[in-house]
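Quick look at upload20.cif (mmCIF, C-alpha atoms):
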```cif
data_run
loop_
_atom_site.group_PDB
_atom_site.id
_atom_site.type_symbol
_atom_site.label_atom_id
_atom_site.label_comp_id
_atom_site.auth_asym_id
_atom_site.auth_seq_id
_atom_site.Cartn_x
_atom_site.Cartn_y
_atom_site.Cartn_z
ATOM 1 C CA MET A 135 21.356 179.560 17.829
ATOM 2 C CA THR A 136 19.086 178.766 20.783
ATOM 3 C CA ILE A 137 16.992 175.820 21.964
ATOM 4 C CA THR A 138 13.944 178.064 21.659
ATOM 5 C CA GLN A 139 14.651 178.677 17.992
ATOM 6 C CA LEU A 140 15.047 174.954 17.387
ATOM 7 C CA ASN A 141 11.732 174.275 19.121
ATOM 8 C CA TYR A 142 10.077 176.839 16.834
ATOM 9 C CA VAL A 143 11.597 175.124 13.785
ATOM 10 C CA LEU A 144 10.273 171.748 14.948
ATOM 11 C CA ALA A 145 6.815 173.203 15.500
ATOM 12 C CA VAL A 146 6.660 174.676 11.982
ATOM 13 C CA ALA A 147 7.995 171.436 10.489
ATOM 14 C CA GLU A 148 5.215 169.529 12.234
ATOM 15 C CA ASN A 149 2.343 171.893 11.492
ATOM 16 C CA GLN A 150 3.546 173.163 8.086
ATOM 17 C CA ASN A 151 2.106 176.511 9.071
ATOM 18 C CA PHE A 152 3.630 179.431 11.003
ATOM 19 C CA THR A 153 0.383 180.517 12.646
ATOM 20 C CA LYS A 154 -0.472 177.036 13.948
ATOM 21 C CA ALA A 155 3.095 176.539 15.122
ATOM 22 C CA ALA A 156 2.993 179.816 17.047
ATOM 23 C CA GLU A 157 -0.221 178.723 18.766
ATOM 24 C CA LYS A 158 1.377 175.432 19.809
ATOM 25 C CA CYS A 159 4.390 177.313 21.194
ATOM 26 C CA PHE A 160 2.223 179.930 22.949
ATOM 27 C CA VAL A 161 3.869 182.876 21.198
ATOM 28 C CA THR A 162 2.728 185.339 18.573
ATOM 29 C CA GLN A 163 3.243 184.464 14.928
ATOM 30 C CA PRO A 164 5.552 187.471 14.304
ATOM 31 C CA THR A 165 7.745 186.426 17.247
ATOM 32 C CA LEU A 166 8.087 182.861 15.971
ATOM 33 C CA SER A 167 8.737 183.983 12.384
ATOM 34 C CA MET A 168 11.361 186.491 13.484
ATOM 35 C CA GLN A 169 13.282 183.905 15.522
ATOM 36 C CA ILE A 170 13.293 181.391 12.659
ATOM 37 C CA GLN A 171 14.413 184.126 10.266
ATOM 38 C CA LYS A 172 17.264 185.023 12.636
ATOM 39 C CA LEU A 173 18.349 181.360 12.685
ATOM 40 C CA GLU A 174 18.229 181.148 8.884
ATOM 41 C CA ASP A 175 20.269 184.363 8.618
ATOM 42 C CA GLU A 176 22.830 183.022 11.090
ATOM 43 C CA LEU A 177 23.199 179.768 9.149
ATOM 44 C CA ASP A 178 22.932 181.528 5.782
ATOM 45 C CA ILE A 179 20.406 179.002 4.452
ATOM 46 C CA LEU A 180 16.626 178.582 4.092
ATOM 47 C CA ILE A 181 15.078 175.966 6.357
ATOM 48 C CA PHE A 182 11.582 176.347 4.895
ATOM 49 C CA ASP A 183 10.280 176.857 1.363
ATOM 50 C CA ARG A 184 7.664 179.507 2.067
ATOM 51 C CA SER A 185 6.456 179.559 -1.562
ATOM 52 C CA LYS A 186 4.820 176.146 -1.092
ATOM 53 C CA LYS A 187 1.367 175.707 0.423
ATOM 54 C CA PRO A 188 1.544 174.092 2.894
ATOM 55 C CA ILE A 189 5.060 175.141 3.832
ATOM 56 C CA GLU A 190 7.732 172.542 3.082
ATOM 57 C CA LEU A 191 11.217 171.889 4.374
ATOM 58 C CA THR A 192 14.111 172.497 2.028
ATOM 59 C CA ASP A 193 16.595 169.670 1.542
ATOM 60 C CA VAL A 194 18.988 171.159 4.059
ATOM 61 C CA GLY A 195 16.015 172.002 6.271
ATOM 62 C CA LYS A 196 15.175 168.279 6.568
ATOM 63 C CA LYS A 197 18.671 167.595 7.860
ATOM 64 C CA ILE A 198 18.451 170.504 10.295
ATOM 65 C CA VAL A 199 15.117 169.280 11.679
ATOM 66 C CA HIS A 200 16.551 165.807 12.236
ATOM 67 C CA GLN A 201 19.484 167.256 14.170
ATOM 68 C CA ALA A 202 17.261 169.739 16.013
ATOM 69 C CA ARG A 203 15.224 166.860 17.455
ATOM 70 C CA ASN A 204 18.399 165.277 18.800
ATOM 71 C CA ILE A 205 19.579 168.555 20.324
ATOM 72 C CA VAL A 206 16.225 169.319 21.959
ATOM 73 C CA ASN A 207 16.039 165.773 23.363
ATOM 74 C CA GLU A 208 19.527 166.058 24.801
ATOM 75 C CA SER A 209 18.730 169.418 26.356
ATOM 76 C CA GLU A 210 15.701 167.883 28.075
ATOM 77 C CA ARG A 211 17.941 165.156 29.471
ATOM 78 C CA ILE A 212 19.515 167.748 31.795
ATOM 79 C CA SER A 213 16.170 168.260 33.529
ATOM 80 C CA ASP A 214 15.771 164.488 33.749
ATOM 81 C CA ILE A 215 19.148 164.133 35.434
ATOM 82 C CA VAL A 216 18.190 166.742 38.026
ATOM 83 C CA ASP A 217 14.782 165.129 38.623
ATOM 84 C CA GLN A 218 16.323 161.689 39.090
ATOM 85 C CA GLN A 219 18.938 163.089 41.470
ATOM 86 C CA LYS A 220 16.176 164.654 43.555
ATOM 87 C CA GLY A 221 14.003 161.527 43.335
ATOM 88 C CA PHE A 222 11.259 163.609 41.726
ATOM 89 C CA ILE A 223 8.609 161.763 39.702
ATOM 90 C CA GLY A 224 6.339 164.316 38.107
ATOM 91 C CA GLY A 225 5.615 166.587 35.178
ATOM 92 C CA GLU A 226 3.805 166.060 31.908
ATOM 93 C CA PHE A 227 4.031 162.597 30.368
ATOM 94 C CA LYS A 228 2.489 161.603 27.028
ATOM 95 C CA LEU A 229 1.591 157.919 26.814
ATOM 96 C CA GLY A 230 0.257 156.090 23.763
ATOM 97 C CA ILE A 231 -1.694 152.811 23.927
ATOM 98 C CA ILE A 232 -2.885 150.609 21.054
ATOM 99 C CA PRO A 233 -6.678 150.084 20.675
ATOM 100 C CA THR A 234 -6.689 146.368 21.602
ATOM 101 C CA ILE A 235 -5.018 147.152 24.939
ATOM 102 C CA MET A 236 -6.428 150.560 25.934
ATOM 103 C CA PRO A 237 -9.994 149.615 27.084
ATOM 104 C CA THR A 238 -8.952 146.712 29.307
ATOM 105 C CA LEU A 239 -5.554 147.781 30.664
ATOM 106 C CA LEU A 240 -6.149 151.469 31.372
ATOM 107 C CA PRO A 241 -8.870 150.978 34.025
ATOM 108 C CA MET A 242 -6.668 148.414 35.765
ATOM 109 C CA PHE A 243 -3.715 150.703 36.513
ATOM 110 C CA LEU A 244 -4.695 154.360 36.004
ATOM 111 C CA LYS A 245 -6.325 155.022 39.374
ATOM 112 C CA ASN A 246 -3.469 153.366 41.272
ATOM 113 C CA PHE A 247 -0.837 155.251 39.293
ATOM 114 C CA ILE A 248 -2.493 158.645 39.795
ATOM 115 C CA LYS A 249 -2.843 157.974 43.518
ATOM 116 C CA LYS A 250 0.796 156.919 43.932
ATOM 117 C CA TYR A 251 2.274 159.580 41.634
ATOM 118 C CA PRO A 252 -0.017 162.636 41.891
ATOM 119 C CA LYS A 253 2.625 164.977 40.463
ATOM 120 C CA VAL A 254 2.657 163.196 37.092
ATOM 121 C CA LYS A 255 0.301 164.754 34.557
ATOM 122 C CA LEU A 256 -0.581 161.859 32.250
ATOM 123 C CA HIS A 257 -1.795 162.618 28.740
ATOM 124 C CA ILE A 258 -3.008 159.363 27.176
ATOM 125 C CA GLU A 259 -3.631 158.832 23.451
ATOM 126 C CA GLU A 260 -4.936 155.841 21.487
ATOM 127 C CA HIS A 261 -3.066 155.026 18.255
ATOM 128 C CA THR A 262 -2.093 152.065 16.095
ATOM 129 C CA THR A 263 1.422 150.694 16.491
ATOM 130 C CA ASP A 264 2.693 152.395 13.319
ATOM 131 C CA GLU A 265 1.305 155.754 14.463
ATOM 132 C CA ILE A 266 2.869 155.288 17.892
ATOM 133 C CA ILE A 267 6.326 154.551 16.484
ATOM 134 C CA SER A 268 6.116 157.658 14.314
ATOM 135 C CA ARG A 269 4.974 159.846 17.220
ATOM 136 C CA ILE A 270 7.730 158.557 19.518
ATOM 137 C CA ASN A 271 10.377 159.233 16.879
ATOM 138 C CA GLU A 272 8.994 162.746 16.355
ATOM 139 C CA GLY A 273 8.937 163.473 20.091
ATOM 140 C CA HIS A 274 5.141 163.644 20.395
ATOM 141 C CA LEU A 275 4.934 160.658 22.772
ATOM 142 C CA ASP A 276 7.208 159.889 25.722
ATOM 143 C CA ALA A 277 6.320 156.186 25.785
ATOM 144 C CA ALA A 278 3.658 153.728 24.700
ATOM 145 C CA ILE A 279 2.160 150.347 25.500
ATOM 146 C CA VAL A 280 2.076 148.019 22.492
ATOM 147 C CA SER A 281 2.446 144.414 21.403
ATOM 148 C CA THR A 282 6.104 143.534 20.822
ATOM 149 C CA PRO A 283 8.732 142.738 19.607
ATOM 150 C CA LEU A 284 9.029 145.616 17.152
ATOM 151 C CA GLU A 285 12.692 145.245 16.126
ATOM 152 C CA ASN A 286 13.054 149.015 15.626
ATOM 153 C CA GLU A 287 16.557 150.374 16.208
ATOM 154 C CA ASN A 288 15.259 153.705 17.556
ATOM 155 C CA ILE A 289 12.865 152.111 20.055
ATOM 156 C CA LYS A 290 13.628 150.379 23.345
ATOM 157 C CA GLU A 291 11.242 147.819 24.860
ATOM 158 C CA ARG A 292 10.519 146.660 28.413
ATOM 159 C CA VAL A 293 8.197 143.656 28.718
ATOM 160 C CA LEU A 294 5.235 144.245 31.014
ATOM 161 C CA PHE A 295 3.427 140.901 30.702
ATOM 162 C CA TYR A 296 2.464 138.044 28.387
ATOM 163 C CA GLU A 297 -1.258 137.963 27.607
ATOM 164 C CA PRO A 298 -2.796 134.608 26.568
ATOM 165 C CA PHE A 299 -5.250 134.345 23.678
ATOM 166 C CA VAL A 300 -8.728 132.948 24.328
ATOM 167 C CA GLY A 301 -11.048 131.561 21.678
ATOM 168 C CA TYR A 302 -14.567 132.965 21.360
ATOM 169 C CA VAL A 303 -16.593 130.176 19.732
ATOM 170 C CA PRO A 304 -20.369 130.487 19.150
ATOM 171 C CA ASN A 305 -22.860 127.638 19.329
ATOM 172 C CA ASN A 306 -22.975 125.315 16.313
ATOM 173 C CA HIS A 307 -19.410 126.240 15.324
ATOM 174 C CA ARG A 308 -17.214 123.270 14.388
ATOM 175 C CA LEU A 309 -15.152 123.842 17.547
ATOM 176 C CA SER A 310 -18.003 124.575 19.967
ATOM 177 C CA ASP A 311 -17.894 121.082 21.528
ATOM 178 C CA LYS A 312 -14.201 121.285 22.350
ATOM 179 C CA LYS A 313 -13.550 122.154 25.976
ATOM 180 C CA LYS A 314 -10.067 123.445 25.128
ATOM 181 C CA LEU A 315 -8.549 124.528 21.828
ATOM 182 C CA ASP A 316 -5.292 123.661 20.112
ATOM 183 C CA VAL A 317 -3.481 126.095 17.843
ATOM 184 C CA LEU A 318 -3.802 123.576 14.995
ATOM 185 C CA ASP A 319 -7.603 123.793 15.279
ATOM 186 C CA LEU A 320 -7.583 127.352 13.952
ATOM 187 C CA GLU A 321 -8.520 128.086 10.354
ATOM 188 C CA ILE A 322 -8.437 131.565 8.886
ATOM 189 C CA ASP A 323 -11.489 130.763 6.719
ATOM 190 C CA ASP A 324 -13.934 131.067 9.637
ATOM 191 C CA MET A 325 -12.000 133.600 11.716
ATOM 192 C CA LEU A 326 -13.354 137.091 12.303
ATOM 193 C CA LEU A 327 -10.427 139.530 12.251
ATOM 194 C CA LEU A 328 -9.584 143.071 13.191
ATOM 195 C CA GLU A 329 -8.955 145.338 10.211
ATOM 196 C CA ASP A 330 -5.481 146.098 8.841
ATOM 197 C CA GLY A 331 -3.329 148.250 11.097
ATOM 198 C CA HIS A 332 -4.009 146.283 14.284
ATOM 199 C CA CYS A 333 -1.063 144.180 15.445
ATOM 200 C CA PHE A 334 -3.460 141.805 17.232
ATOM 201 C CA ARG A 335 -4.801 140.866 13.783
ATOM 202 C CA ASP A 336 -1.274 139.938 12.678
ATOM 203 C CA GLY A 337 -0.835 137.710 15.692
ATOM 204 C CA VAL A 338 -4.081 135.865 14.975
ATOM 205 C CA ILE A 339 -3.132 135.302 11.326
ATOM 206 C CA ASN A 340 0.241 133.919 12.360
ATOM 207 C CA LEU A 341 -1.468 131.430 14.667
ATOM 208 C CA CYS A 342 -3.688 130.008 11.945
ATOM 209 C CA LYS A 343 -2.517 127.186 9.727
ATOM 210 C CA ALA A 344 -2.972 129.117 6.476
ATOM 211 C CA PHE A 345 -4.220 132.421 5.083
ATOM 212 C CA LYS A 346 -6.186 132.553 1.862
ATOM 213 C CA ASN A 347 -8.214 135.199 0.079
ATOM 214 C CA SER A 348 -10.674 133.115 -1.891
ATOM 215 C CA ILE A 349 -13.151 134.976 -4.075
ATOM 216 C CA ASP A 350 -15.484 131.993 -3.628
ATOM 217 C CA ASP A 351 -16.033 132.810 0.043
ATOM 218 C CA PRO A 352 -19.541 134.205 0.630
ATOM 219 C CA PHE A 353 -18.148 137.054 2.748
ATOM 220 C CA GLN A 354 -15.053 138.329 4.497
ATOM 221 C CA ILE A 355 -15.477 140.496 7.573
ATOM 222 C CA GLU A 356 -12.934 142.737 9.258
ATOM 223 C CA SER A 357 -13.650 145.253 12.020
ATOM 224 C CA GLY A 358 -11.804 147.833 14.080
ATOM 225 C CA SER A 359 -13.607 146.749 17.254
ATOM 226 C CA ILE A 360 -13.300 143.566 19.307
ATOM 227 C CA GLU A 361 -16.842 144.170 20.602
ATOM 228 C CA THR A 362 -18.129 144.121 17.006
ATOM 229 C CA LEU A 363 -16.325 140.822 16.353
ATOM 230 C CA ILE A 364 -18.040 139.299 19.392
ATOM 231 C CA LYS A 365 -21.464 140.442 18.179
ATOM 232 C CA LEU A 366 -20.825 139.054 14.692
ATOM 233 C CA SER A 367 -19.657 135.783 16.210
ATOM 234 C CA ASN A 368 -22.865 135.613 18.257
ATOM 235 C CA GLU A 369 -24.753 135.815 14.945
ATOM 236 C CA GLY A 370 -22.997 132.654 13.804
ATOM 237 C CA LEU A 371 -20.675 134.359 11.310
ATOM 238 C CA GLY A 372 -17.492 132.774 12.652
ATOM 239 C CA MET A 373 -15.233 132.566 15.694
ATOM 240 C CA THR A 374 -12.642 135.035 16.894
ATOM 241 C CA LEU A 375 -9.763 135.270 19.346
ATOM 242 C CA LEU A 376 -9.707 137.625 22.315
ATOM 243 C CA PRO A 377 -6.859 138.947 24.461
ATOM 244 C CA TYR A 378 -7.218 137.413 27.931
ATOM 245 C CA LEU A 379 -7.786 140.728 29.727
ATOM 246 C CA HIS A 380 -10.756 141.422 27.452
ATOM 247 C CA THR A 381 -12.473 138.263 28.715
ATOM 248 C CA LEU A 382 -12.534 139.576 32.294
ATOM 249 C CA ASP A 383 -15.312 142.040 31.442
ATOM 250 C CA ILE A 384 -17.317 139.874 29.062
ATOM 251 C CA LYS A 385 -21.066 139.443 29.665
ATOM 252 C CA GLU A 386 -22.147 136.487 31.804
ATOM 253 C CA THR A 387 -24.323 135.243 28.949
ATOM 254 C CA GLU A 388 -21.284 135.133 26.657
ATOM 255 C CA LYS A 389 -18.815 133.395 28.977
ATOM 256 C CA ALA A 390 -19.953 129.965 27.795
ATOM 257 C CA ASN A 391 -18.475 130.834 24.394
ATOM 258 C CA LEU A 392 -14.981 131.280 25.830
ATOM 259 C CA HIS A 393 -12.596 128.421 25.074
ATOM 260 C CA HIS A 394 -9.116 128.469 26.568
ATOM 261 C CA PHE A 395 -6.181 126.812 24.819
ATOM 262 C CA ASN A 396 -4.421 123.674 25.930
ATOM 263 C CA GLU A 397 -1.100 124.433 27.557
ATOM 264 C CA PRO A 398 1.207 125.948 26.546
ATOM 265 C CA ALA A 399 -1.244 128.683 25.536
ATOM 266 C CA PRO A 400 -0.450 131.125 22.701
ATOM 267 C CA ALA A 401 0.108 134.677 23.901
ATOM 268 C CA ARG A 402 1.181 138.134 22.889
ATOM 269 C CA GLU A 403 4.026 140.063 24.471
ATOM 270 C CA VAL A 404 2.948 143.465 25.808
ATOM 271 C CA SER A 405 5.667 146.035 26.510
ATOM 272 C CA ILE A 406 6.195 149.654 27.366
ATOM 273 C CA ILE A 407 8.315 151.215 24.621
ATOM 274 C CA TYR A 408 10.233 154.495 24.441
ATOM 275 C CA HIS A 409 12.850 156.285 22.372
ATOM 276 C CA LYS A 410 16.466 155.169 22.673
ATOM 277 C CA SER A 411 17.304 158.622 24.083
ATOM 278 C CA GLU A 412 15.714 157.342 27.330
ATOM 279 C CA LEU A 413 14.062 160.548 28.481
ATOM 280 C CA LYS A 414 11.794 160.573 31.574
ATOM 281 C CA MET A 415 12.961 157.114 32.638
ATOM 282 C CA GLN A 416 11.804 157.601 36.221
ATOM 283 C CA ILE A 417 8.178 157.826 35.041
ATOM 284 C CA ILE A 418 8.588 154.924 32.608
ATOM 285 C CA GLU A 419 9.943 152.737 35.408
ATOM 286 C CA ALA A 420 7.086 153.779 37.695
ATOM 287 C CA LEU A 421 4.545 152.783 35.033
ATOM 288 C CA GLN A 422 6.337 149.496 34.464
ATOM 289 C CA ASP A 423 6.301 148.578 38.152
ATOM 290 C CA ILE A 424 2.618 149.304 38.672
ATOM 291 C CA ILE A 425 1.324 147.748 35.437
ATOM 292 C CA SER A 426 3.460 144.606 35.679
ATOM 293 C CA GLY A 427 2.401 143.949 39.258
ATOM 294 C CA ILE A 428 -1.322 144.369 38.636
ATOM 295 C CA VAL A 429 -1.609 142.526 35.323
ATOM 296 C CA ARG A 430 0.756 139.657 36.024
ATOM 297 C CA GLY A 431 -1.288 138.936 39.130
ATOM 298 C CA ALA A 432 -4.515 138.857 37.127
ATOM 299 C CA ILE A 433 -3.049 136.558 34.457
ATOM 300 C CA ALA A 434 -1.273 134.309 36.963
ATOM 301 C CA PHE A 435 -4.683 133.670 38.534
ATOM 302 C CA GLN A 436 -5.563 131.736 35.370
ATOM 303 C CA ASN A 437 -2.549 129.481 36.087
ATOM 304 C CA VAL A 438 -1.575 128.689 32.497
ATOM 305 C CA GLU A 439 1.739 127.956 30.847
ATOM 306 C CA ILE A 440 2.426 130.335 27.961
ATOM 307 C CA ILE A 441 4.283 129.553 24.759
ATOM 308 C CA SER A 442 6.677 132.014 23.121
ATOM 309 C CA PRO A 443 4.872 135.235 22.201
ATOM 310 C CA VAL A 444 3.257 135.370 18.776
ATOM 311 C CA GLN A 445 5.492 137.200 16.297
ATOM 312 C CA LYS A 446 4.039 139.788 13.973
#
```
Can the structure from this file be put into structure tokens for me?
Amino acid sequence: MTITQLNYVLAVAENQNFTKAAEKCFVTQPTLSMQIQKLEDELDILIFDRSKKPIELTDVGKKIVHQARNIVNESERISDIVDQQKGFIGGEFKLGIIPTIMPTLLPMFLKNFIKKYPKVKLHIEEHTTDEIISRINEGHLDAAIVSTPLENENIKERVLFYEPFVGYVPNNHRLSDKKKLDVLDLEIDDMLLLEDGHCFRDGVINLCKAFKNSIDDPFQIESGSIETLIKLSNEGLGMTLLPYLHTLDIKETEKANLHHFNEPAPAREVSIIYHKSELKMQIIEALQDIISGIVRGAIAFQNVEIISPVQK
């Protein structure tokens, strides 16, 4: 049994196809198939049910894949130990970011990080929180930036910053005359929300006094884009809440619609998360240092007291 064979098994389990798995592993399909067959012969079991289309894991194959991930992760830890001993910060690093954080946070830190750590090859992907957790557990992401806490036993969290919420209130809205908002002012009935799957949506709902799905309402609008929510709000279809960093790039003509909260302001906790196996910690710590320094400075400039982060 070799680490290479286990990597081939993981690739087939992920792609459910020998040809695609071989392409991902940069080997020929016969080579990959032969190595998996040798492993099955050695163990005297079948890992894959090749009669199914797409290929499926057998019952024992599912257990083997679970253990193979642990073994491959532990084998990679040896390289990490050597890198940390040498003080080396480099190599490929796959980072996930949720959609409500990606467009505002990434431009703030990426250039500085690349300049300071030129040997790190960042591969950045945008996913929802659920997708990110799945991809971290499967080894497809090294870390991610999400809203926390997650309370997932396989995931570790390091807080980067607390981001206040800001109300976006159009003219003629019932709250438009208020210079500052209170949490108790919020009503879900006239709130424009992100669609299901966005943790920022959950935070907004938890801030509101009540949630109802009344069939008597003339319309209910949900969107996957904060920019769309702002445009709909400008049309007088309701108010919305924005993460503070998003307000830094808002149009000058729209800034009058921003309403901050009375202190302590509601906020979300933003963290860098990673698997409990703690691989590539030197890169995770480098990201944490740079992001925390830049963003905390930007938020501290607002000089607000923040209440406990909004729970999902």
Go through region 210-263 of chain A residue by residue and, counting only C-alpha atoms, keep those with an atom at most 12 Å from region 388-404 of chain A; for each kept residue give the shortest atom pair and its distance in Å to one decimal, ordered by chain and increasing number, as a tab-separated table.
```
residue	atom	partner	partner_atom	distance
A:Ile231	CA	A:Val404	CA	10.6
A:Ile232	CA	A:Val404	CA	10.4
A:Thr234	CA	A:Val404	CA	10.9
A:Ile235	CA	A:Val404	CA	8.8
A:Met236	CA	A:Val404	CA	11.8
A:Leu239	CA	A:Val404	CA	10.7
A:Thr263	CA	A:Val404	CA	11.9
```
Query raised in the report: What does the distance from CA of Lys228 (chain A) to CA of His257 (chain A) come to in Å, to one decimal?
Result: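 Straight-line distance from CA of Lys228 (chain A) to CA of His257 (chain A) works out to 4.7 Å.
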Requested in this report: Find the spatial neighbours of Val293 (chain A), counting only C-alpha atoms, within a cut-off of 12 Å - ignore same-chain residues fewer than 3 positions away - and output them as a ChimeraX atom specification.
Outcome: /A:278-284,290,296-297,402-408,418-419,421-423,425-426,429-430,443
Query raised in the report: Smallest atom-to-atom distance to Glu190 (chain A): which of A:Ile137, A:Ile215, A:Ala277, A:Val146, using all atoms listed in the file?
Result: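 Going through A:Ile137, A:Ile215, A:Ala277, A:Val146 one by one, the smallest distance to Glu190 (chain A) is for A:Val146.
If you apply the PyMOL selection byres ((chain A and resi 363) around 10) to this structure, you end up with Tyr302, Met325, Leu326, Leu327, Leu328, Ile355, Glu356, Ser357, Gly358, Ser359, Ile360, Glu361, Thr362, Ile364, Lys365, Leu366, Ser367, Asn368, Glu369, Leu371, Gly372, Met373, Thr374, Leu375 and Leu376 of chain A.
Counting only C-alpha atoms and comparing A:Ile424, A:Leu140, A:Ile258, A:Leu244, the residue that lies closest to Glu226 (chain A) is A:Ile258.
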Query raised in the report: Mind telling me what the PyMOL selection byres ((chain A and resi 379) around 8) catches here, as a list in words?
Result: Thr238, Leu239, Glu297, Pro377, Tyr378, His380, Thr381, Leu382, Asp383 and Ile433 of chain A
Query - Exercise: Gln150 (chain A) partners within 6 Å, all atoms listed in the file, chain neighbours under 3 positions left out, as a list in words - result: Val146, Ala147, Pro188 and Ile189 of chain A
